Amino acid sequence: MSEHDGLNVPRVRVVCATCGAVLRPLDPRCPNCPSALPRTEYAQRRFVTQDRGDIFRFAAWLPSAATTATPVGPTVFRSERLAAALGVADLSVAFSGYAPEIGACNATGTFKDFEALPTLLYLREHGCDRVVLASAGSTARAFAYAGTTLGFATTIVVPETAASSVWMPIPPSDSVRLIVLADSGDYAAAIRLAGLMAERYGLHSEGGARNVARRDGMGTAVLEYARVQQRLPRHYIQAVGSGTGGIAAWEAGMRLRASGFEGPLPQLHLAQNVPFTPIHDAWTSQRPIEPDRNVAGQLERIAAISAPVLANRTPPYDVGGGVRDALEATAGHTYAVTNAEVHAAQRLFEACEGVPIGPESGAALAALGQGVARSWIHPADPTLLHVTGNGDALLKRDFALHSVPTWCRVSAAGESGALRDLDRAFAP
């Protein structure tokens with residue numbers, strides 16, 4: 001219980017990030033600012049933690065009152081060898097993959113595990129028992145795992161190029177349904193189809209960047225840094241597709257500042273993988289993202305990147321409380337990292353820290369190197385590098401990995417064809 005419970009103050013409320021209007025928890029779209037993101041406000045303003053080692057250590061700042069036993073949670077450690085290789089003096093790593101050697105036990109190997117459990121618990125708390133979402137791979141794994149462990153009906157739409165990456169370290173349950181968009185590598189098309197399915201079959205849309213439980217779960221990496229270091233990081237580095245992780249870090253920083261932590265907000269350093277860099281291009285050119293312009297060309301560029309989980313054509317960039325606002329509020333920077341730089345950074349991290357990282361994390365590390373070289377990151381500044389995933393190598397070592405079977409494979413030729421396929425699958 002929080003110190004405010006006796007005052008009959010709601011434990012958490014959802015408000016518009018632009019105008020502050022109070023919103024309904026599961027329909028968080030502001031009537032005054034319809035494009036603005038929702039944001040949580042907690043009655044517990046002080047930074048308090050529970051005596052447990054998982055993500056629910058930060059239950060006071062997660063929207064669901066319920067918790068569950070889980071291995072999932074953020075791990076932060078001070079780096080010496082990697083810091084020395086980069087020429088920085090005060091480097092911490094938030095390692096959000098699976099590497100029990102360093103205390104990281106996220107069940108599907110990425111920080112997407114931080115999103116899935118809080119989301120499903122929050123939905124259940126508000127009477128929702130069926131959810132649909134789209135994924136480019138890692139989010140699908142996390143929600144399939146969470147849906148199985150919680151017995152929550154979870155329908156996941158992925159482009160066919162991502163289907164082989166949907167696995168988990170326990171057998172999937174019948175509560176998880178995987179919809180595969182045939183002959184497609186377009187995450188945006190999967191997002192559109194998931195939205196149509198929500199309307200057509202009475203499923204609740206998970207919400208993506210609009211999902212406050214997802215963002216507050218991701219923000220626990222910054223909270224763990226604050227718990228361990230008892231301060232804010234000056235710099236926060238992460239590779240992004242939608243940029244939602246950057247928004248989450250910004251919001252966590254604001255919450256910590258309001259609780260009494262001193263110093264400026266963590267400066268965001270957001271990396272993308274060349275040749276597909278829509279957020280970087282928009283930020284550096286000060287032009288809007290145009291997701292529907294030259295789609296074929298965008299898909300070609302997506303196919304050429306080493307970190308496909310960073311491929312999002314429709315990031316929440318130019319919306320109230322979105323990526324652009326986060327970069328502006330923190331005087332942030334964006335980076336374009338080549339495939340060669342990604343692979344070199346992956347090798348460097350494993351050589352220094354003894355564990356592998358995924359290509360998206362290699363992009364973040366390469367951006368850190370660029371930031372130091374450009375003097376955007378001072379070597380003495382307290383810096384937090386977020387390793388958001390490390391693939392399946394160590395999970396394969398310790399577990400038998402189970403593929404989530406395709407429940408329905410639908411046509412990518414057009415939405416009407418896909419819905420016909422789904423109508424047959426959903427028919428009683």
# chains A, B, ... in the order shown; residues from 1 in each chain; ligands from 1
$ residues_around --residues "segment 254-257 of chain A" --least-positions-apart "2" --cutoff "10 Å" --atoms "only C-alpha atoms" --output "count of residues only"
25
$ select_by_dssp --residues "segment 132-202 of chain A" --states "alpha helix (DSSP H)" --output "MDAnalysis selection string"
chainID A and resid 138:150 160:163 187:201
$ residues_around --residues "Ala282 of chain A" --least-positions-apart "4" --cutoff "10 Å" --atoms "only C-alpha atoms" --output "MDAnalysis selection string"
chainID A and resid 277:278 286:290 317:318 324 334
$ closest_residue --among "A:Thr154, A:Arg210, A:Ala142, A:Pro100" --to "Gly320 of chain A" --atoms "only C-alpha atoms"
A:Arg210
$ residues_around --residues "Leu384 of chain A" --least-positions-apart "6" --cutoff "9 Å" --atoms "only C-alpha atoms" --output "list of chain:residue names"
A:Val76, A:Asp90, A:Leu91, A:Ser92, A:Val93, A:Ala94, A:Val222, A:Tyr225, A:Pro233, A:Arg234, A:His235, A:Tyr236, A:Ile237, A:Gln238
